[in-house]
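Everything below concerns the one structure shown next.
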Amino acid sequence: MDPITITTGPDTRLGGLDLTISLTPAQAQAISTDAAAMADWFHSALAAMATLRTDAAAMGPTDSSTAINDVDRRLLPRIQGIRDALIRTHAKNGGTVQSLADAMDIARSTAQHRRQAVLTRTLPSTWERWANEGGAHPTE
């Protein structure tokens with residue numbers, strides 16, 4: 001069964017498009033309340049993208065500031081933490097630089113550089129720890 005359902009048309013909640021992302025009980029328990037926060041910031045990013053594509057002039061400074069904060073200060077650090085945790089786990093579990101390059105759809109040399117950037121840190125970054133452990137949100 002597909003974990004993502006996309007529904008369009010007048011029967012959706014707002015009449016346009018509904019995205020439903022389903023998680024298993026274990027996945028839901030593991031990420032707890034972080035799922036709602038991530039969904040909120042992802043919604044902000046999609047809504048901003050739609051406004052940029054249809055009527056960017058309608059996006060006032062306050063709207064832009066909110067979207068920028070949601071994307072830049074909230075969503076991106078968490079996504080980068082998840083990516084770094086995945087890179088570290090990939091290497092720890094025997095993944096090769098070439099398989100990382102293939103997964104990231106980048107040159108092998110770029111994958112090697114990104115992997116080294118993660119692995120040379122003695123301790124995982126704040127957001128990498130958040131991705132692995134959850135718990136209290138790090139200082140933003």
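By convention here, the chains of the structure tokens are called A, B, ... in the order presented, each chain's residues are numbered starting at 1, and ligands are numbered starting at 1 in the order presented.
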Which parts of region 2-49 of chain A does DSSP call helix (DSSP H, G or I) when run on the backbone here, written out as a list in words? Pro25, Ala26, Gln27, Ala28, Gln29, Ala30, Ile31, Asp34, Ala35, Ala36, Ala37, Met38, Ala39, Asp40, Trp41, Phe42, His43, Ser44, Ala45, Leu46, Ala47, Ala48 and Met49 of chain A
Using only C-alpha atoms, which protein or nucleic acid residues come within 10 Å of Asp2 (chain A)? Drop anything in the same chain fewer than 3 positions from it, and give the result as a count of residues only. 3
Write out, as CSV, each residue of region 59-84 of chain A that has an atom at most 9 Å from region 119-139 of chain A, together with the closest pair of atoms and their distance in Å to one decimal, counting only C-alpha atoms, rows going by chain and rising number.
```
residue,atom,partner,partner_atom,distance
A:Pro77,CA,A:Trp127,CA,6.5
A:Arg78,CA,A:Trp127,CA,5.9
A:Ile79,CA,A:Ala131,CA,8.5
A:Gln80,CA,A:Trp127,CA,7.4
A:Gly81,CA,A:Glu128,CA,4.0
A:Ile82,CA,A:Ala131,CA,5.2
A:Arg83,CA,A:Glu128,CA,8.0
A:Asp84,CA,A:Glu128,CA,6.1
```
Contacts of Arg88 (chain A) at 8 Å or less, counting only C-alpha atoms, minus same-chain residues fewer than 2 places along, as a short mmCIF file (atom, residue, chain, number, x, y, z; two decimals) with N, CA and C atoms, in the first residue's frame?
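The resulting around05.cif:
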```cif
data_model
loop_
_atom_site.label_atom_id
_atom_site.label_comp_id
_atom_site.auth_asym_id
_atom_site.auth_seq_id
_atom_site.Cartn_x
_atom_site.Cartn_y
_atom_site.Cartn_z
N ASP A 84 22.35 13.89 7.44
CA ASP A 84 23.64 13.56 8.05
C ASP A 84 23.56 12.24 8.83
N ALA A 85 22.46 12.04 9.54
CA ALA A 85 22.27 10.78 10.27
C ALA A 85 22.22 9.60 9.30
N LEU A 86 21.57 9.80 8.17
CA LEU A 86 21.51 8.74 7.15
C LEU A 86 22.88 8.45 6.56
N HIS A 90 24.66 4.95 6.90
CA HIS A 90 25.05 4.28 5.66
C HIS A 90 26.50 3.82 5.74
N ALA A 91 27.38 4.70 6.18
CA ALA A 91 28.80 4.35 6.29
C ALA A 91 29.02 3.28 7.37
N LYS A 92 28.37 3.46 8.52
CA LYS A 92 28.53 2.51 9.63
C LYS A 92 28.08 1.11 9.25
N ARG A 115 30.42 12.75 2.81
CA ARG A 115 30.56 11.69 3.81
C ARG A 115 31.67 12.04 4.81
N VAL A 118 30.67 14.59 7.40
CA VAL A 118 29.87 14.03 8.49
C VAL A 118 30.74 13.17 9.40
N LEU A 119 31.54 12.31 8.83
CA LEU A 119 32.29 11.34 9.62
C LEU A 119 33.46 11.94 10.39
#
```
If you count only C-alpha atoms, which residues fall within 12 Å of Ala37 (chain A), apart from same-chain ones fewer than 5 positions away, as a count of residues only? 11
